[in-house]
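Next up, start34.pdb (PDB, C-alpha atoms):
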```pdb
ATOM      1  CA  MET W   1      48.712 -85.667 206.604
ATOM      2  CA  PRO W   2      49.157 -85.041 210.333
ATOM      3  CA  ASP W   3      47.033 -82.443 212.122
ATOM      4  CA  LYS W   4      49.888 -79.961 212.541
ATOM      5  CA  GLU W   5      50.221 -79.555 208.775
ATOM      6  CA  LEU W   6      46.633 -78.491 208.317
ATOM      7  CA  ARG W   7      46.051 -74.748 208.428
ATOM      8  CA  PRO W   8      42.726 -73.125 209.301
ATOM      9  CA  ASP W   9      42.469 -71.730 205.767
ATOM     10  CA  ASP W  10      42.777 -75.267 204.374
ATOM     11  CA  ALA W  11      40.055 -76.409 206.752
ATOM     12  CA  ARG W  12      37.779 -73.535 205.654
ATOM     13  CA  ARG W  13      38.366 -74.337 201.994
ATOM     14  CA  ALA W  14      37.643 -78.016 202.614
ATOM     15  CA  LEU W  15      34.411 -77.184 204.467
ATOM     16  CA  ALA W  16      33.326 -74.879 201.635
ATOM     17  CA  GLU W  17      34.068 -77.639 199.112
ATOM     18  CA  ILE W  18      32.032 -80.183 201.102
ATOM     19  CA  GLY W  19      29.098 -77.763 201.225
ATOM     20  CA  ALA W  20      29.342 -76.983 197.497
ATOM     21  CA  GLN W  21      29.461 -80.652 196.471
ATOM     22  CA  ARG W  22      26.549 -81.574 198.730
ATOM     23  CA  ARG W  23      24.463 -78.782 197.169
ATOM     24  CA  ARG W  24      25.452 -79.986 193.702
ATOM     25  CA  ALA W  25      24.307 -83.521 194.565
ATOM     26  CA  ARG W  26      21.022 -82.287 195.979
ATOM     27  CA  ASP W  27      20.435 -80.195 192.844
ATOM     28  CA  LEU W  28      20.247 -83.457 190.869
ATOM     29  CA  LEU W  29      16.804 -83.932 192.413
ATOM     30  CA  VAL W  30      15.521 -80.463 191.538
ATOM     31  CA  PRO W  31      14.302 -81.413 188.026
ATOM     32  CA  PHE W  32      12.096 -84.136 189.513
ATOM     33  CA  LEU W  33      10.748 -81.870 192.233
ATOM     34  CA  ALA W  34      10.115 -79.019 189.796
ATOM     35  CA  ARG W  35       8.165 -81.314 187.470
ATOM     36  CA  ILE W  36       5.995 -82.729 190.266
ATOM     37  CA  ILE W  37       5.237 -79.161 191.408
ATOM     38  CA  ILE W  38       4.395 -78.055 187.848
ATOM     39  CA  VAL W  39       2.148 -81.080 187.207
ATOM     40  CA  TRP W  40       0.063 -80.682 190.367
ATOM     41  CA  GLY W  41       0.067 -76.877 190.160
ATOM     42  CA  ALA W  42      -1.304 -77.014 186.620
ATOM     43  CA  ILE W  43      -3.953 -79.607 187.583
ATOM     44  CA  TYR W  44      -5.185 -77.509 190.505
ATOM     45  CA  PHE W  45      -5.142 -74.306 188.458
ATOM     46  CA  VAL W  46      -7.115 -75.750 185.535
ATOM     47  CA  ALA W  47      -9.630 -77.888 187.420
ATOM     48  CA  TYR W  48     -10.447 -75.458 190.239
ATOM     49  CA  GLY W  49     -10.195 -72.526 187.811
ATOM     50  CA  LEU W  50     -12.990 -74.045 185.720
ATOM     51  CA  GLU W  51     -15.130 -74.392 188.859
ATOM     52  CA  VAL W  52     -14.447 -70.732 189.713
ATOM     53  CA  MET W  53     -15.609 -69.781 186.208
ATOM     54  CA  GLY W  54     -18.838 -71.636 186.847
ATOM     55  CA  VAL W  55     -18.230 -74.593 184.547
ATOM     56  CA  LYS W  56     -20.530 -77.435 185.614
ATOM     57  CA  ASN W  57     -19.887 -81.165 185.595
ATOM     58  CA  THR W  58     -16.127 -81.031 185.829
ATOM     59  CA  GLY W  59     -16.116 -84.517 187.390
ATOM     60  CA  LEU W  60     -14.791 -86.349 184.331
ATOM     61  CA  LEU W  61     -12.153 -83.702 183.709
ATOM     62  CA  TRP W  62     -11.064 -83.957 187.350
ATOM     63  CA  LEU W  63     -10.822 -87.713 187.045
ATOM     64  CA  LEU W  64      -8.654 -87.523 183.910
ATOM     65  CA  LEU W  65      -6.399 -84.814 185.367
ATOM     66  CA  VAL W  66      -5.912 -86.652 188.652
ATOM     67  CA  ILE W  67      -5.090 -89.892 186.817
ATOM     68  CA  ALA W  68      -2.544 -87.902 184.773
ATOM     69  CA  GLY W  69      -1.149 -86.393 187.997
ATOM     70  CA  PHE W  70      -0.757 -89.719 189.780
ATOM     71  CA  THR W  71       0.791 -91.316 186.688
ATOM     72  CA  ALA W  72       3.258 -88.426 186.222
ATOM     73  CA  SER W  73       4.246 -88.474 189.915
ATOM     74  CA  PHE W  74       4.678 -92.254 189.816
ATOM     75  CA  LEU W  75       6.860 -92.025 186.678
ATOM     76  CA  LEU W  76       8.928 -89.173 188.112
ATOM     77  CA  GLY W  77       9.544 -91.246 191.243
ATOM     78  CA  GLY W  78      10.634 -94.051 188.918
ATOM     79  CA  ARG W  79      13.095 -91.721 187.201
ATOM     80  CA  VAL W  80      14.652 -90.810 190.550
ATOM     81  CA  ALA W  81      14.934 -94.535 191.243
ATOM     82  CA  ASP W  82      16.583 -95.188 187.858
ATOM     83  CA  THR W  83      18.877 -92.182 187.755
ATOM     84  CA  LEU W  84      20.191 -92.423 191.282
ATOM     85  CA  ARG W  85      19.313 -96.037 192.046
ATOM     86  CA  SER W  86      17.857 -94.516 195.146
ATOM     87  CA  PRO W  87      15.502 -96.264 197.575
ATOM     88  CA  ALA W  88      14.002 -92.770 197.946
ATOM     89  CA  GLY W  89      12.821 -92.929 194.330
ATOM     90  CA  ARG W  90      11.205 -96.327 194.828
ATOM     91  CA  ALA W  91       9.530 -95.077 198.007
ATOM     92  CA  ILE W  92       8.146 -92.021 196.183
ATOM     93  CA  ARG W  93       6.924 -94.145 193.273
ATOM     94  CA  ASN W  94       5.197 -96.548 195.656
ATOM     95  CA  THR W  95       3.645 -93.755 197.722
ATOM     96  CA  TRP W  96       2.021 -92.224 194.645
ATOM     97  CA  ALA W  97       0.907 -95.631 193.397
ATOM     98  CA  TYR W  98      -0.788 -96.394 196.742
ATOM     99  CA  LEU W  99      -2.352 -92.953 196.647
ATOM    100  CA  GLY W 100      -3.752 -93.707 193.193
ATOM    101  CA  VAL W 101      -5.405 -96.861 194.557
ATOM    102  CA  LEU W 102      -6.808 -94.956 197.548
ATOM    103  CA  TYR W 103      -8.154 -92.281 195.222
ATOM    104  CA  PHE W 104     -10.169 -94.802 193.226
ATOM    105  CA  LEU W 105     -11.482 -96.449 196.377
ATOM    106  CA  LEU W 106     -12.509 -93.025 197.650
ATOM    107  CA  LEU W 107     -14.111 -92.163 194.329
ATOM    108  CA  TRP W 108     -16.071 -95.399 194.395
ATOM    109  CA  GLY W 109     -17.117 -94.896 198.017
ATOM    110  CA  PHE W 110     -18.179 -91.295 197.484
ATOM    111  CA  SER W 111     -20.017 -91.941 194.228
ATOM    112  CA  THR W 112     -22.110 -94.713 195.794
ATOM    113  CA  THR W 113     -22.916 -92.788 198.986
ATOM    114  CA  MET W 114     -23.566 -89.473 197.191
ATOM    115  CA  LEU W 115     -21.530 -87.436 199.656
ATOM    116  CA  SER W 116     -20.805 -83.849 198.651
ATOM    117  CA  GLY W 117     -18.137 -83.126 196.017
ATOM    118  CA  GLY W 118     -16.641 -80.495 198.323
ATOM    119  CA  PHE W 119     -15.935 -83.102 200.984
ATOM    120  CA  PHE W 120     -14.442 -85.388 198.332
ATOM    121  CA  SER W 121     -12.022 -82.605 197.265
ATOM    122  CA  PHE W 122     -11.141 -81.976 200.903
ATOM    123  CA  VAL W 123     -10.253 -85.641 201.490
ATOM    124  CA  VAL W 124      -8.326 -86.030 198.207
ATOM    125  CA  ASN W 125      -6.304 -82.886 198.951
ATOM    126  CA  LEU W 126      -5.442 -84.268 202.382
ATOM    127  CA  PHE W 127      -4.138 -87.436 200.723
ATOM    128  CA  ILE W 128      -2.130 -85.429 198.196
ATOM    129  CA  SER W 129      -0.628 -83.255 200.929
ATOM    130  CA  PHE W 130       0.352 -86.422 202.780
ATOM    131  CA  ALA W 131       2.037 -87.880 199.665
ATOM    132  CA  LEU W 132       3.860 -84.574 199.126
ATOM    133  CA  SER W 133       5.157 -84.562 202.722
ATOM    134  CA  VAL W 134       6.289 -88.186 202.473
ATOM    135  CA  SER W 135       8.013 -87.465 199.115
ATOM    136  CA  GLY W 136       9.837 -84.484 200.644
ATOM    137  CA  ASP W 137      10.905 -86.645 203.562
ATOM    138  CA  HIS W 138      12.322 -89.339 201.294
ATOM    139  CA  LEU W 139      14.180 -86.812 199.162
ATOM    140  CA  GLY W 140      15.551 -85.001 202.202
ATOM    141  CA  TYR W 141      13.831 -81.723 201.303
ATOM    142  CA  PRO W 142      12.181 -80.346 204.477
ATOM    143  CA  GLN W 143      10.700 -77.507 202.378
ATOM    144  CA  VAL W 144       8.633 -80.017 200.399
ATOM    145  CA  THR W 145       7.552 -81.775 203.592
ATOM    146  CA  GLY W 146       6.558 -78.381 205.007
ATOM    147  CA  ALA W 147       4.679 -77.498 201.805
ATOM    148  CA  GLY W 148       2.704 -80.742 202.135
ATOM    149  CA  LEU W 149       1.750 -79.941 205.719
ATOM    150  CA  ALA W 150       0.885 -76.342 204.760
ATOM    151  CA  LEU W 151      -1.348 -77.712 202.002
ATOM    152  CA  ALA W 152      -3.155 -79.906 204.546
ATOM    153  CA  LEU W 153      -3.659 -76.904 206.827
ATOM    154  CA  LEU W 154      -4.907 -74.705 203.975
ATOM    155  CA  ASP W 155      -7.178 -77.523 202.828
ATOM    156  CA  THR W 156      -8.751 -77.789 206.267
ATOM    157  CA  ILE W 157      -9.098 -74.026 206.822
ATOM    158  CA  GLY W 158     -10.511 -73.590 203.311
ATOM    159  CA  TYR W 159     -13.052 -76.371 203.770
ATOM    160  CA  VAL W 160     -14.130 -75.449 207.303
ATOM    161  CA  PHE W 161     -14.141 -71.647 207.163
ATOM    162  CA  LEU W 162     -13.973 -70.530 203.527
ATOM    163  CA  LEU W 163     -15.945 -73.127 201.608
ATOM    164  CA  PRO W 164     -17.401 -70.691 199.000
ATOM    165  CA  TYR W 165     -13.846 -69.596 198.156
ATOM    166  CA  TYR W 166     -12.326 -73.086 198.264
ATOM    167  CA  PRO W 167     -12.013 -73.482 194.445
ATOM    168  CA  LEU W 168     -10.578 -69.962 194.101
ATOM    169  CA  ILE W 169      -8.001 -70.562 196.848
ATOM    170  CA  PHE W 170      -6.856 -73.827 195.295
ATOM    171  CA  SER W 171      -6.835 -72.452 191.769
ATOM    172  CA  LEU W 172      -4.552 -69.589 192.860
ATOM    173  CA  LEU W 173      -2.442 -72.016 194.862
ATOM    174  CA  GLY W 174      -2.078 -74.196 191.757
ATOM    175  CA  LEU W 175      -1.066 -71.211 189.649
ATOM    176  CA  SER W 176       1.541 -70.147 192.244
ATOM    177  CA  ALA W 177       2.923 -73.685 192.458
ATOM    178  CA  ALA W 178       3.202 -74.006 188.666
ATOM    179  CA  VAL W 179       4.932 -70.610 188.418
ATOM    180  CA  TYR W 180       7.318 -71.656 191.213
ATOM    181  CA  GLY W 181       8.037 -74.933 189.396
ATOM    182  CA  PHE W 182       8.842 -73.092 186.165
ATOM    183  CA  TRP W 183      11.030 -70.663 188.129
ATOM    184  CA  LEU W 184      12.966 -73.626 189.535
ATOM    185  CA  VAL W 185      13.405 -74.979 186.010
ATOM    186  CA  LYS W 186      14.664 -71.611 184.758
ATOM    187  CA  LYS W 187      16.930 -71.024 187.768
ATOM    188  CA  HIS W 188      18.642 -74.386 187.398
ATOM    189  CA  GLY W 189      18.636 -74.274 183.580
ATOM    190  CA  LEU W 190      16.891 -77.663 183.347
TER     191      LEU W 190
ATOM    192  CA  MET Q   1      37.065 -86.451 216.041
ATOM    193  CA  ALA Q   2      39.406 -87.806 213.378
ATOM    194  CA  PHE Q   3      41.173 -85.922 210.656
ATOM    195  CA  ASP Q   4      41.296 -88.283 207.695
ATOM    196  CA  ALA Q   5      44.171 -87.712 205.281
ATOM    197  CA  LEU Q   6      42.670 -90.122 202.768
ATOM    198  CA  ILE Q   7      39.464 -88.087 202.556
ATOM    199  CA  HIS Q   8      41.186 -84.708 202.716
ATOM    200  CA  GLN Q   9      42.844 -85.125 199.309
ATOM    201  CA  PRO Q  10      40.911 -82.566 197.169
ATOM    202  CA  THR Q  11      39.523 -84.960 194.539
ATOM    203  CA  ARG Q  12      38.527 -87.595 197.086
ATOM    204  CA  LEU Q  13      36.967 -84.899 199.259
ATOM    205  CA  LYS Q  14      34.855 -83.854 196.257
ATOM    206  CA  ILE Q  15      33.777 -87.447 195.591
ATOM    207  CA  MET Q  16      32.904 -88.166 199.210
ATOM    208  CA  ALA Q  17      31.063 -84.865 199.692
ATOM    209  CA  PHE Q  18      29.055 -85.323 196.497
ATOM    210  CA  LEU Q  19      28.017 -88.872 197.401
ATOM    211  CA  SER Q  20      27.061 -87.754 200.916
ATOM    212  CA  GLY Q  21      24.692 -85.138 199.441
ATOM    213  CA  LEU Q  22      22.570 -87.808 197.734
ATOM    214  CA  PRO Q  23      19.622 -89.424 199.540
ATOM    215  CA  ALA Q  24      20.725 -92.270 201.834
ATOM    216  CA  GLU Q  25      21.703 -95.527 200.086
ATOM    217  CA  SER Q  26      21.568 -93.860 196.638
ATOM    218  CA  ARG Q  27      23.915 -95.045 193.932
ATOM    219  CA  VAL Q  28      25.228 -92.934 191.093
ATOM    220  CA  GLU Q  29      26.580 -94.125 187.761
ATOM    221  CA  PHE Q  30      30.311 -93.682 187.032
ATOM    222  CA  SER Q  31      29.864 -91.482 183.941
ATOM    223  CA  GLY Q  32      27.313 -89.296 185.738
ATOM    224  CA  LEU Q  33      29.665 -88.806 188.677
ATOM    225  CA  ARG Q  34      32.592 -88.081 186.343
ATOM    226  CA  LYS Q  35      30.531 -85.450 184.522
ATOM    227  CA  GLU Q  36      29.236 -83.835 187.720
ATOM    228  CA  LEU Q  37      32.711 -83.565 189.242
ATOM    229  CA  GLY Q  38      34.495 -82.633 186.009
ATOM    230  CA  LEU Q  39      37.077 -85.418 186.312
ATOM    231  CA  THR Q  40      38.741 -87.656 183.762
ATOM    232  CA  GLU Q  41      37.923 -91.372 183.752
ATOM    233  CA  GLY Q  42      41.401 -92.350 184.915
ATOM    234  CA  ASN Q  43      41.453 -89.798 187.696
ATOM    235  CA  LEU Q  44      38.055 -90.793 189.041
ATOM    236  CA  SER Q  45      38.890 -94.501 188.775
ATOM    237  CA  ARG Q  46      42.130 -94.100 190.672
ATOM    238  CA  HIS Q  47      40.557 -92.179 193.542
ATOM    239  CA  LEU Q  48      37.547 -94.482 193.724
ATOM    240  CA  SER Q  49      39.903 -97.441 194.089
ATOM    241  CA  ARG Q  50      41.594 -95.786 197.048
ATOM    242  CA  LEU Q  51      38.255 -95.019 198.667
ATOM    243  CA  GLU Q  52      36.962 -98.524 198.008
ATOM    244  CA  GLU Q  53      40.100-100.069 199.557
ATOM    245  CA  ALA Q  54      39.360 -98.049 202.701
ATOM    246  CA  GLY Q  55      35.750 -99.288 202.660
ATOM    247  CA  TYR Q  56      34.389 -95.764 202.177
ATOM    248  CA  VAL Q  57      32.637 -96.404 198.863
ATOM    249  CA  LYS Q  58      31.276 -99.484 197.187
ATOM    250  CA  THR Q  59      31.307 -99.943 193.419
ATOM    251  CA  GLU Q  60      29.183-102.432 191.550
ATOM    252  CA  LYS Q  61      29.880-103.375 187.941
ATOM    253  CA  VAL Q  62      26.877-104.583 185.947
ATOM    254  CA  PHE Q  63      25.710-104.993 182.353
ATOM    255  CA  GLU Q  64      22.595-103.033 181.448
ATOM    256  CA  LYS Q  65      21.216-103.363 177.935
ATOM    257  CA  ARG Q  66      24.532-105.032 177.005
ATOM    258  CA  LYS Q  67      26.526-102.015 178.173
ATOM    259  CA  PRO Q  68      28.902-102.136 181.148
ATOM    260  CA  LYS Q  69      27.956 -99.774 183.925
ATOM    261  CA  THR Q  70      29.520 -99.006 187.284
ATOM    262  CA  TRP Q  71      27.315 -97.877 190.134
ATOM    263  CA  ILE Q  72      28.905 -96.150 193.106
ATOM    264  CA  ARG Q  73      27.581 -95.561 196.583
ATOM    265  CA  LEU Q  74      28.887 -94.218 199.856
ATOM    266  CA  THR Q  75      29.073 -96.871 202.579
ATOM    267  CA  SER Q  76      27.963 -96.186 206.144
ATOM    268  CA  LYS Q  77      31.645 -96.390 207.148
ATOM    269  CA  GLY Q  78      32.429 -93.726 204.528
ATOM    270  CA  ARG Q  79      29.580 -91.490 205.670
ATOM    271  CA  TYR Q  80      30.756 -91.767 209.282
ATOM    272  CA  ALA Q  81      34.393 -91.064 208.307
ATOM    273  CA  LEU Q  82      33.357 -87.964 206.335
ATOM    274  CA  GLU Q  83      31.276 -86.649 209.245
ATOM    275  CA  GLU Q  84      34.216 -87.212 211.615
ATOM    276  CA  HIS Q  85      36.537 -85.458 209.180
ATOM    277  CA  LEU Q  86      34.096 -82.570 208.912
ATOM    278  CA  ARG Q  87      33.956 -82.280 212.685
ATOM    279  CA  ALA Q  88      37.761 -82.280 212.866
ATOM    280  CA  LEU Q  89      37.894 -79.408 210.362
ATOM    281  CA  GLN Q  90      35.278 -77.434 212.286
ATOM    282  CA  GLU Q  91      37.128 -78.073 215.524
ATOM    283  CA  LEU Q  92      40.366 -76.762 214.036
ATOM    284  CA  ILE Q  93      38.626 -73.580 212.885
ATOM    285  CA  SER Q  94      36.916 -73.004 216.227
ATOM    286  CA  GLN Q  95      40.210 -73.588 218.083
ATOM    287  CA  THR Q  96      41.866 -70.980 215.886
ATOM    288  CA  ARG Q  97      39.033 -68.538 216.583
ATOM    289  CA  SER Q  98      39.246 -69.028 220.362
ATOM    290  CA  GLY Q  99      43.058 -68.683 220.163
ATOM    291  CA  GLU Q 100      42.695 -65.353 218.349
ATOM    292  CA  SER Q 101      40.215 -63.870 220.842
TER     293      SER Q 101
END
```
How does this structure look as structure tokens?
Amino acid sequence: MPDKELRPDDARRALAEIGAQRRRARDLLVPFLARIIIVWGAIYFVAYGLEVMGVKNTGLLWLLLVIAGFTASFLLGGRVADTLRSPAGRAIRNTWAYLGVLYFLLLWGFSTTMLSGGFFSFVVNLFISFALSVSGDHLGYPQVTGAGLALALLDTIGYVFLLPYYPLIFSLLGLSAAVYGFWLVKKHGL
Amino acid sequence: MAFDALIHQPTRLKIMAFLSGLPAESRVEFSGLRKELGLTEGNLSRHLSRLEEAGYVKTEKVFEKRKPKTWIRLTSKGRYALEEHLRALQELISQTRSGES
């Protein structure tokens, strides 16, 4: 079709179609994103919520929840890799697997040096925010990358300036994230 | 900027645009693509062949759990051609706008 046959209205329609199809393709990744958000939101809400309520010795619960979180994130990355045969999925899966290894090394290091649990949470949350940003980058979702960086900033501000409220802040953050994840699920009818 | 008649055909435009919306180097399975785009098998096959002949997409036929599967991905040549086509469309619209004002 030569240029002269193409009318501006055709061009507009074609541009709209390109935009619509690209959005449709990107929506394929929403179920995975929504589930990662729900998993980590629920973990933060439950574990920090228990600390807010004054429950002592939540260490073992934390450990089990974080293992569940890393495993779920790793498996979700694997599903992206299988469904789309995407290198992004493999990269996400690997990132969360490496993070799992780092977490256990950290846990070992902290438990033998008896450093404060608050500092441990601060460091783990920095790692998680990093993994979130990297995952967003691989998936091409700048919002997720931004959320990861915002989490790192909140983590630092909470630890440095608002330490007594740190569990409350992260519990509420977890609740908001889980609600947002469920909203995504409902919006996209997943 | 290059208007690409091969890409501009409505069904092929859909296919190319959808594949370009996936993360880089991603592949999608034939039946999944057919379902997403609401096309018949024959229709999708025919247009994929045209795109593959032009080097815009690459298909890979494999057996997984004893079932034949076809994985499709956009090539870098295809991605470049779509971007050029997109620019040509935008250029046409902006020329029309400047002609009107």
Name the residues, using the chain letters and numbers of the file, that sit within 12 Å of (42.5, -81.8, 212.0) when counting only C-alpha atoms, and give them as number ranges by chain.
-> W: 1-12, 14-15; Q: 1-5, 7-8, 84-96
Evaluate the PyMOL selection byres ((chain W) within 12 of (chain Q)) here and jot the selected residues down as a ChimeraX atom specification.
-> /W:1-30,80-91,135-141
Deliver the residues from the most recent selection as a file, using C-alpha atoms, as an mmCIF file, keeping the file's coordinate frame.
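Output saved as part_6.cif:
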```
data_model
loop_
_atom_site.group_PDB
_atom_site.id
_atom_site.type_symbol
_atom_site.label_atom_id
_atom_site.label_comp_id
_atom_site.auth_asym_id
_atom_site.auth_seq_id
_atom_site.Cartn_x
_atom_site.Cartn_y
_atom_site.Cartn_z
ATOM 1 C CA MET W 1 48.712 -85.667 206.604
ATOM 2 C CA PRO W 2 49.157 -85.041 210.333
ATOM 3 C CA ASP W 3 47.033 -82.443 212.122
ATOM 4 C CA LYS W 4 49.888 -79.961 212.541
ATOM 5 C CA GLU W 5 50.221 -79.555 208.775
ATOM 6 C CA LEU W 6 46.633 -78.491 208.317
ATOM 7 C CA ARG W 7 46.051 -74.748 208.428
ATOM 8 C CA PRO W 8 42.726 -73.125 209.301
ATOM 9 C CA ASP W 9 42.469 -71.730 205.767
ATOM 10 C CA ASP W 10 42.777 -75.267 204.374
ATOM 11 C CA ALA W 11 40.055 -76.409 206.752
ATOM 12 C CA ARG W 12 37.779 -73.535 205.654
ATOM 13 C CA ARG W 13 38.366 -74.337 201.994
ATOM 14 C CA ALA W 14 37.643 -78.016 202.614
ATOM 15 C CA LEU W 15 34.411 -77.184 204.467
ATOM 16 C CA ALA W 16 33.326 -74.879 201.635
ATOM 17 C CA GLU W 17 34.068 -77.639 199.112
ATOM 18 C CA ILE W 18 32.032 -80.183 201.102
ATOM 19 C CA GLY W 19 29.098 -77.763 201.225
ATOM 20 C CA ALA W 20 29.342 -76.983 197.497
ATOM 21 C CA GLN W 21 29.461 -80.652 196.471
ATOM 22 C CA ARG W 22 26.549 -81.574 198.730
ATOM 23 C CA ARG W 23 24.463 -78.782 197.169
ATOM 24 C CA ARG W 24 25.452 -79.986 193.702
ATOM 25 C CA ALA W 25 24.307 -83.521 194.565
ATOM 26 C CA ARG W 26 21.022 -82.287 195.979
ATOM 27 C CA ASP W 27 20.435 -80.195 192.844
ATOM 28 C CA LEU W 28 20.247 -83.457 190.869
ATOM 29 C CA LEU W 29 16.804 -83.932 192.413
ATOM 30 C CA VAL W 30 15.521 -80.463 191.538
ATOM 31 C CA VAL W 80 14.652 -90.810 190.550
ATOM 32 C CA ALA W 81 14.934 -94.535 191.243
ATOM 33 C CA ASP W 82 16.583 -95.188 187.858
ATOM 34 C CA THR W 83 18.877 -92.182 187.755
ATOM 35 C CA LEU W 84 20.191 -92.423 191.282
ATOM 36 C CA ARG W 85 19.313 -96.037 192.046
ATOM 37 C CA SER W 86 17.857 -94.516 195.146
ATOM 38 C CA PRO W 87 15.502 -96.264 197.575
ATOM 39 C CA ALA W 88 14.002 -92.770 197.946
ATOM 40 C CA GLY W 89 12.821 -92.929 194.330
ATOM 41 C CA ARG W 90 11.205 -96.327 194.828
ATOM 42 C CA ALA W 91 9.530 -95.077 198.007
ATOM 43 C CA SER W 135 8.013 -87.465 199.115
ATOM 44 C CA GLY W 136 9.837 -84.484 200.644
ATOM 45 C CA ASP W 137 10.905 -86.645 203.562
ATOM 46 C CA HIS W 138 12.322 -89.339 201.294
ATOM 47 C CA LEU W 139 14.180 -86.812 199.162
ATOM 48 C CA GLY W 140 15.551 -85.001 202.202
ATOM 49 C CA TYR W 141 13.831 -81.723 201.303
#
```
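Between Q:Leu74 and the candidates Q:Val57, Q:Leu44, Q:Leu39, Q:Leu51, the tightest atom-to-atom separation, counting only C-alpha atoms, involves Q:Val57.
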For the structure shown, which residues end up in the PyMOL selection byres ((chain W and resi 31-33) around 9)? Put them as a PyMOL selection string, please?
-> chain W and resi 27-30+34-38+73+76-77+79-80+136+144+181+184-185+188+190
Between W:Ala72, W:Tyr44, W:Val39, W:Thr95, smallest distance to W:Ile169 by only C-alpha atoms belongs to W:Tyr44
Got a sec to resolve the PyMOL selection byres ((chain W and resi 122-134) around 9) on this structure and send the residues as a PyMOL selection string?
-> chain W and resi 91-92+95-96+99+102-103+106+117-121+135-139+142-153+155-156+158-159
Could you check how far atom CA of W:Leu63 sits from atom CA of W:Ile157, in Å to one decimal?
-> 24.1 Å
d(atom CA of W:Asn94, atom CA of W:Gly78) in Å = 9.0 Å
Interatomic distance (Å, one decimal) between atom CA of W:Tyr48 and atom CA of W:Pro167 | 4.9 Å
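Shortest separation to Q:Thr40 among Q:Lys67, Q:Tyr56, Q:Thr11, Q:Ser98 occurs at residue Q:Thr11, atoms counted being only C-alpha atoms.
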Provide an axis-aligned box for all listed atoms of stretch 22-36 of chain Q, padding each side by 5 Å; report its centre and its edge lengths in Å to one decimal, as JSON.
```
{"center_x": 26.1, "center_y": -89.7, "center_z": 192.9, "size_x": 23.0, "size_y": 21.7, "size_z": 27.9}
```
What lies within 12 Å of W:Leu175 using all atoms listed in the file, ignoring chain neighbours under 2 positions off, as a PyMOL selection string?
-> chain W and resi 37-49+168-173+177-182
Add whatever atoms are absent from stretch 16-29 of chain Q to reach N, CA and C atoms, and provide the output as a CSV table (one decimal), in the frame of the given file.
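Below is the file selection14.csv, written as the result:
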```
chain,number,residue,atom,x,y,z
Q,16,MET,N,33.6,-87.8,198.0
Q,16,MET,CA,32.9,-88.2,199.2
Q,16,MET,C,31.8,-87.2,199.5
Q,17,ALA,N,32.1,-85.9,199.4
Q,17,ALA,CA,31.1,-84.9,199.7
Q,17,ALA,C,29.9,-85.0,198.8
Q,18,PHE,N,30.2,-85.2,197.5
Q,18,PHE,CA,29.1,-85.3,196.5
Q,18,PHE,C,28.2,-86.5,196.8
Q,19,LEU,N,28.8,-87.7,197.1
Q,19,LEU,CA,28.0,-88.9,197.4
Q,19,LEU,C,27.2,-88.7,198.7
Q,20,SER,N,27.8,-87.9,199.6
Q,20,SER,CA,27.1,-87.8,200.9
Q,20,SER,C,25.9,-86.8,200.8
Q,21,GLY,N,25.8,-86.0,199.7
Q,21,GLY,CA,24.7,-85.1,199.4
Q,21,GLY,C,23.5,-85.8,198.8
Q,22,LEU,N,23.7,-87.1,198.3
Q,22,LEU,CA,22.6,-87.8,197.7
Q,22,LEU,C,21.7,-88.4,198.8
Q,23,PRO,N,20.4,-88.7,198.5
Q,23,PRO,CA,19.6,-89.4,199.5
Q,23,PRO,C,20.3,-90.7,200.0
Q,24,ALA,N,20.1,-91.1,201.2
Q,24,ALA,CA,20.7,-92.3,201.8
Q,24,ALA,C,20.6,-93.5,200.9
Q,25,GLU,N,21.7,-94.3,200.8
Q,25,GLU,CA,21.7,-95.5,200.1
Q,25,GLU,C,21.6,-95.3,198.6
Q,26,SER,N,21.7,-94.1,198.1
Q,26,SER,CA,21.6,-93.9,196.6
Q,26,SER,C,22.9,-94.3,196.0
Q,27,ARG,N,22.7,-94.7,194.7
Q,27,ARG,CA,23.9,-95.0,193.9
Q,27,ARG,C,23.9,-94.1,192.7
Q,28,VAL,N,25.1,-93.8,192.3
Q,28,VAL,CA,25.2,-92.9,191.1
Q,28,VAL,C,26.1,-93.6,190.1
Q,29,GLU,N,25.8,-93.4,188.8
Q,29,GLU,CA,26.6,-94.1,187.8
Q,29,GLU,C,27.9,-93.4,187.5
```
